[in-house]
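Source file target-v5.tsv; content: TSV, C-alpha atoms.
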chain	number	residue	atom	x	y	z
A	617	MET	CA	100.07	111.96	133.40
A	618	ALA	CA	103.72	111.47	134.21
A	619	TYR	CA	106.45	109.16	135.48
A	620	GLU	CA	108.57	110.11	138.48
A	621	VAL	CA	112.27	109.34	138.03
A	622	ASN	CA	115.02	110.54	140.38
A	623	GLY	CA	112.89	113.51	141.44
A	624	GLN	CA	112.10	114.41	137.82
A	625	THR	CA	108.65	114.42	136.27
A	626	ILE	CA	108.46	112.90	132.78
A	627	GLU	CA	105.24	113.46	130.84
A	628	HIS	CA	103.55	110.59	129.02
A	629	ASP	CA	100.40	110.12	126.94
A	630	GLU	CA	97.27	108.21	127.96
A	631	GLU	CA	98.89	104.91	126.97
A	632	GLY	CA	102.16	105.49	128.78
A	633	TYR	CA	104.38	106.47	125.84
A	634	ILE	CA	106.64	109.35	126.83
A	635	THR	CA	105.92	112.66	125.15
A	636	ASN	CA	109.46	113.89	124.66
A	637	LEU	CA	111.83	111.23	123.31
A	638	SER	CA	114.91	112.99	124.69
A	639	ASP	CA	113.60	112.50	128.26
A	640	TRP	CA	114.59	108.83	128.11
A	641	SER	CA	117.15	107.30	130.47
A	642	GLU	CA	117.86	103.78	131.67
A	643	ASP	CA	116.36	104.68	135.04
A	644	LEU	CA	113.18	105.84	133.29
A	645	ALA	CA	113.12	102.57	131.34
A	646	LYS	CA	113.14	100.67	134.64
A	647	VAL	CA	110.23	102.76	135.96
A	648	ILE	CA	108.18	102.22	132.80
A	649	ALA	CA	109.01	98.49	132.93
A	650	GLU	CA	107.73	98.35	136.51
A	651	THR	CA	104.38	99.86	135.52
A	652	GLU	CA	104.24	97.22	132.76
A	653	GLU	CA	105.04	94.54	135.37
A	654	ILE	CA	108.24	93.57	133.59
A	655	GLU	CA	111.50	92.79	135.34
A	656	MET	CA	114.30	93.85	133.00
A	657	THR	CA	116.79	91.09	132.12
A	658	ASP	CA	119.74	91.22	129.70
A	659	GLU	CA	117.43	89.97	126.95
A	660	HIS	CA	114.92	92.74	127.66
A	661	TRP	CA	117.70	95.32	127.48
A	662	ALA	CA	118.98	93.84	124.23
A	663	VAL	CA	115.57	94.32	122.63
A	664	VAL	CA	115.15	97.81	124.07
A	665	ASN	CA	118.62	98.86	122.92
A	666	PHE	CA	117.99	97.40	119.48
A	667	LEU	CA	114.77	99.43	119.18
A	668	ARG	CA	116.55	102.62	120.17
A	669	GLU	CA	119.27	102.01	117.59
A	670	TYR	CA	116.68	101.20	114.91
A	671	TYR	CA	114.81	104.41	115.67
A	672	GLU	CA	118.02	106.41	115.64
A	673	GLU	CA	118.88	105.05	112.21
A	674	TYR	CA	115.48	104.99	110.48
A	675	GLN	CA	113.31	107.41	112.52
A	676	ILE	CA	110.60	104.81	113.02
A	677	ALA	CA	109.83	102.08	115.50
A	678	PRO	CA	109.73	98.81	113.55
A	679	ALA	CA	106.60	96.68	113.22
A	680	VAL	CA	106.71	93.54	115.35
A	681	ARG	CA	107.56	91.11	112.56
A	682	VAL	CA	110.36	93.41	111.43
A	683	LEU	CA	111.63	93.55	115.01
A	684	ILE	CA	111.60	89.78	115.38
A	685	LYS	CA	113.33	89.24	112.05
A	686	ALA	CA	116.05	91.72	112.97
A	687	ILE	CA	116.56	90.26	116.46
A	688	LYS	CA	116.80	86.81	114.91
A	689	LYS	CA	119.53	88.08	112.64
A	690	SER	CA	121.52	89.85	115.36
A	691	MET	CA	120.94	87.53	118.36
A	692	GLY	CA	119.99	84.19	116.86
A	693	PRO	CA	116.77	82.19	116.57
A	694	GLU	CA	116.61	81.33	120.32
A	695	VAL	CA	115.80	84.97	121.10
A	696	GLY	CA	114.45	86.08	117.72
A	697	ASN	CA	111.21	84.17	117.61
A	698	ASN	CA	107.61	85.01	118.33
A	699	LYS	CA	107.23	82.81	121.38
A	700	TYR	CA	110.31	84.06	123.21
A	701	MET	CA	109.50	87.69	122.38
A	702	TYR	CA	106.05	87.31	123.86
A	703	GLU	CA	107.54	85.69	126.96
A	704	LEU	CA	109.74	88.76	127.39
A	705	PHE	CA	106.94	91.22	126.59
A	706	PRO	CA	103.58	89.50	127.19
A	707	TYR	CA	101.47	92.44	125.96
A	708	GLY	CA	103.26	92.58	122.62
A	709	PRO	CA	106.98	92.97	121.98
A	710	ALA	CA	106.76	96.02	119.72
A	711	LYS	CA	104.19	97.83	121.82
A	712	GLN	CA	105.64	97.19	125.28
A	713	ALA	CA	109.30	97.27	124.34
A	714	CYS	CA	108.84	100.54	122.43
A	715	LYS	CA	107.18	102.07	125.46
A	716	ILE	CA	110.08	101.04	127.67
A	717	ALA	CA	112.55	102.25	125.03
A	718	GLY	CA	110.90	105.67	125.06
A	719	LEU	CA	109.80	105.50	121.42
A	720	PRO	CA	106.47	106.43	119.88
A	721	LYS	CA	103.92	103.68	119.37
A	722	PRO	CA	104.88	101.63	116.29
A	723	THR	CA	103.20	102.62	113.03
A	724	GLY	CA	100.27	100.37	112.25
A	725	CYS	CA	100.03	99.18	115.83
A	726	VAL	CA	96.47	99.57	117.11
B	316	MET	CA	102.25	84.11	93.88
B	317	SER	CA	98.67	83.29	94.81
B	318	ASP	CA	95.64	84.93	93.23
B	319	ASP	CA	94.75	87.06	96.23
B	320	VAL	CA	98.04	88.98	96.05
B	321	LYS	CA	97.47	92.29	94.34
B	322	LYS	CA	100.03	94.61	92.83
B	323	PHE	CA	99.99	97.92	94.72
B	324	LEU	CA	101.84	100.97	93.47
B	325	TYR	CA	102.16	104.11	95.57
B	326	LEU	CA	102.72	107.14	93.36
B	327	ASN	CA	104.67	109.92	95.02
B	328	ARG	CA	104.39	113.22	93.15
B	329	LYS	CA	104.98	115.87	95.80
B	330	ALA	CA	108.01	117.38	97.53
B	331	PRO	CA	108.75	115.87	100.96
B	332	TYR	CA	107.90	118.89	103.11
B	333	GLY	CA	105.35	121.70	102.91
B	334	THR	CA	102.44	119.30	102.61
B	335	ILE	CA	101.68	116.11	104.50
B	336	TYR	CA	101.34	113.92	101.39
B	337	ALA	CA	104.84	112.43	101.32
B	338	LEU	CA	104.93	111.47	105.00
B	339	GLU	CA	101.38	110.10	104.91
B	340	ALA	CA	102.17	108.00	101.83
B	341	LEU	CA	105.16	106.48	103.60
B	342	GLU	CA	103.07	105.70	106.69
B	343	VAL	CA	100.44	104.00	104.55
B	344	VAL	CA	103.14	101.97	102.81
B	345	LEU	CA	104.54	100.80	106.16
B	346	ILE	CA	101.12	99.83	107.45
B	347	GLY	CA	100.07	98.23	104.16
B	348	ALA	CA	103.28	96.19	104.03
B	349	ALA	CA	101.86	93.98	106.79
B	350	PHE	CA	99.24	92.59	104.39
B	351	ASP	CA	101.57	90.52	102.18
B	352	GLN	CA	100.76	92.29	98.94
B	353	ASP	CA	103.12	93.07	96.09
B	354	VAL	CA	104.08	96.65	96.94
B	355	SER	CA	106.24	99.06	95.00
B	356	LEU	CA	106.73	102.84	95.06
B	357	ALA	CA	107.11	105.31	92.23
B	358	PHE	CA	108.60	108.78	92.42
B	359	LEU	CA	107.85	111.34	89.76
B	360	ASP	CA	107.40	115.09	89.37
B	361	ASP	CA	108.50	116.84	92.62
B	362	GLY	CA	108.21	113.46	94.34
B	363	VAL	CA	111.80	112.73	93.30
B	364	PHE	CA	112.93	115.27	95.93
B	365	GLN	CA	111.74	112.84	98.63
B	366	LEU	CA	114.73	110.59	97.97
B	367	THR	CA	117.48	113.21	97.79
B	368	ARG	CA	120.43	112.68	100.11
B	369	GLY	CA	121.51	115.01	102.90
B	370	GLN	CA	118.09	116.39	103.85
B	371	ASP	CA	118.18	118.71	106.85
B	372	THR	CA	114.87	119.91	108.30
B	373	LYS	CA	116.13	121.65	111.45
B	374	GLU	CA	115.25	125.14	110.25
B	375	ILE	CA	111.66	124.23	109.33
B	376	GLY	CA	110.97	122.41	112.58
B	377	VAL	CA	109.62	119.16	111.16
B	378	LYS	CA	110.94	115.64	111.35
B	379	ASN	CA	113.37	114.54	108.62
B	380	PHE	CA	111.75	111.26	107.63
B	381	SER	CA	114.07	110.52	104.69
B	382	PRO	CA	116.03	107.87	106.70
B	383	THR	CA	112.79	105.87	106.95
B	384	PHE	CA	112.97	105.01	103.24
B	385	ARG	CA	116.04	102.93	104.09
B	386	ALA	CA	113.90	100.75	106.39
B	387	LEU	CA	111.56	99.72	103.56
B	388	GLY	CA	113.70	96.68	102.74
B	389	ASP	CA	112.89	95.31	106.21
B	390	TYR	CA	109.22	95.52	105.20
B	391	GLU	CA	109.89	93.66	101.97
B	392	VAL	CA	109.30	96.76	99.90
B	393	THR	CA	112.24	96.51	97.53
B	394	ARG	CA	111.26	98.40	94.37
B	395	LEU	CA	111.43	102.19	94.32
B	396	TYR	CA	110.99	103.40	90.73
B	397	VAL	CA	112.29	106.90	90.00
B	398	GLU	CA	111.47	108.63	86.75
B	399	ARG	CA	114.61	109.82	84.93
B	400	GLU	CA	112.88	112.71	83.16
B	401	SER	CA	111.52	114.08	86.46
B	402	LEU	CA	115.07	114.07	87.87
B	403	GLU	CA	116.51	115.77	84.77
B	404	GLU	CA	113.80	118.45	84.65
B	405	ARG	CA	114.84	119.42	88.19
B	406	GLY	CA	118.57	119.41	87.54
B	407	LEU	CA	119.02	116.22	89.56
B	408	SER	CA	120.89	113.03	88.73
B	409	PRO	CA	120.70	109.55	90.29
B	410	ASP	CA	123.81	110.48	92.34
B	411	ASP	CA	121.75	113.09	94.19
B	412	LEU	CA	119.56	110.34	95.65
B	413	GLN	CA	120.36	108.53	98.88
B	414	GLU	CA	121.48	104.93	98.73
B	415	ILE	CA	118.66	102.54	99.64
B	416	MET	CA	119.50	98.84	99.83
B	417	TYR	CA	117.58	95.67	100.55
B	418	GLU	CA	118.70	92.14	101.30
B	419	ASP	CA	117.57	89.60	98.73
B	420	GLU	CA	116.22	86.61	100.64
B	421	ASP	CA	116.38	84.44	97.50
B	422	ASP	CA	120.01	85.29	96.80
B	423	ASP	CA	121.76	84.51	100.12
B	424	TRP	CA	120.77	87.91	101.56
B	425	ALA	CA	122.90	89.78	99.04
B	426	GLU	CA	122.56	93.56	99.37
B	427	LYS	CA	120.95	95.13	96.32
B	428	PRO	CA	119.82	98.65	95.48
B	429	SER	CA	116.08	99.34	95.82
B	430	ILE	CA	116.06	102.44	93.62
B	431	ARG	CA	115.49	101.75	89.93
B	432	ILE	CA	115.76	104.65	87.52
B	433	VAL	CA	113.20	104.26	84.73
B	434	SER	CA	112.18	106.35	81.72
B	435	ARG	CA	108.79	108.04	81.46
B	436	ALA	CA	107.69	105.38	78.96
B	437	GLU	CA	108.77	102.56	81.30
B	438	MET	CA	106.96	104.29	84.17
B	439	ALA	CA	103.76	104.28	82.12
B	440	ASP	CA	104.11	100.53	81.61
B	441	ILE	CA	104.77	99.97	85.32
B	442	ILE	CA	101.65	101.94	86.24
B	443	ALA	CA	99.57	100.09	83.64
B	444	ALA	CA	100.62	96.72	85.09
B	445	GLN	CA	99.21	97.42	88.58
B	446	ASP	CA	95.99	96.25	90.21
B	447	VAL	CA	95.86	99.22	92.58
B	448	VAL	CA	97.48	102.64	92.14
B	449	LEU	CA	97.40	105.06	95.06
B	450	SER	CA	98.46	108.60	94.20
B	451	PHE	CA	99.85	111.00	96.80
Write-out of the structure in structure tokens:
Amino acid sequence: MAYEVNGQTIEHDEEGYITNLSDWSEDLAKVIAETEEIEMTDEHWAVVNFLREYYEEYQIAPAVRVLIKAIKKSMGPEVGNNKYMYELFPYGPAKQACKIAGLPKPTGCV
Amino acid sequence: MSDDVKKFLYLNRKAPYGTIYALEALEVVLIGAAFDQDVSLAFLDDGVFQLTRGQDTKEIGVKNFSPTFRALGDYEVTRLYVERESLEERGLSPDDLQEIMYEDEDDDWAEKPSIRIVSRAEMADIIAAQDVVLSF
């Protein structure tokens, strides 16, 4: 199973998470978003970029409540709340946003 | 705190790499943190090596998960007890450990250290005060 981006083949697992984290690019993020039926807005990118930075710093993808708390702190309560996050990522902010961000599935996420 | 909150202590006794215990313990802590229990961690014996600063795992080809300890504050895990005698027996001092901070919600989000150095006797009291002790 793989994504096709700019003539490149990027492997992913049975749930769509990419196998090799260094394969990620913004173009790949757009392709993954399309398969998730998400149109990327500035808010989507803000969440995705936050997740990448969090992973870079702590080597884990945060659990959803940790993500929402952190987004609330950095971007304010209008964006950092459950309802808005689920509007951005209807199938779960941590799960879907991590997939688009090229991170492994969050720990404790079933 | 309501009656259904239990005190959980995760005992970490093994070096970070070479066996899977340390990484698995941390994963369990992160998952368990979602259940609103009173969670703390203890590091003794070779477990104190898990918190040393400047870990570099490139040559052994495994992930360096030591930065993940710094995320524990986000999961409201804010007490990491380290046994002084275990450090001393291994020629380590508290300065050899990485800095791990949490933000205290009840104190205007002031940054405070999560690592608390305790004596062997204090560690025994901490363990005795728990409802659940999980040893890794």
*Neighbour list for Ile441 of chain B as a ChimeraX atom specification, cut-off 10 Å, all atoms listed in the file, skip fewer than 5 positions in-chain*: /B:324,355,357,396,433,435-436
_Can you pull out the residues contacting segment 685-697 of chain A? Cut-off 10 Å, using all atoms listed in the file, and skip same-chain residues under 5 positions away; I want them as a PyMOL selection string._
(chain A and resi 659+662-663+666-667+670+678+680+702+704) or (chain B and resi 389)
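For the pair atom CA of Glu673 of chain A and atom CA of Leu449 of chain B, the interatomic distance is 27.5 Å.
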_Shell of 7 Å around segment 368-378 of chain B, all atoms listed in the file, local chain residues under 6 positions omitted, as an NGL selection string_ = :B and (411-413)
*Would you mind telling me which residue in B:Glu400, B:Asp361, B:Asp351, B:Glu342 lies nearest to Arg328 of chain B when using all atoms listed in the file?*
B:Asp361
*Do me a favour and pick out the residues of chain A within 10 Å of chain B, using only C-alpha atoms, as a ChimeraX atom specification.*
/A:670-683,685-686,722-725
*Would you work out the distance separating atom CA of Arg405 of chain B from atom CA of Ser434 of chain B, expressed in Å to one decimal?*
14.8 Å
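Closest approach to Leu395 of chain B among B:Glu426, B:Glu420, B:Phe451, B:Tyr325 is made by B:Tyr325 (distances from all atoms listed in the file).
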Might you pull out every residue within 10 Å of Glu650 of chain A, with only C-alpha atoms counted and same-chain residues fewer than 6 positions away left off, and present them as an mmCIF file with C-alpha atoms, in the frame of the given file?
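To be explicit, this is the file written out as result_21.cif:
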data_model
loop_
_atom_site.group_PDB
_atom_site.id
_atom_site.type_symbol
_atom_site.label_atom_id
_atom_site.label_comp_id
_atom_site.auth_asym_id
_atom_site.auth_seq_id
_atom_site.Cartn_x
_atom_site.Cartn_y
_atom_site.Cartn_z
ATOM 1 C CA LEU A 644 113.180 105.840 133.290
ATOM 2 C CA MET A 656 114.300 93.850 133.000
ATOM 3 C CA ILE A 716 110.080 101.040 127.670
#
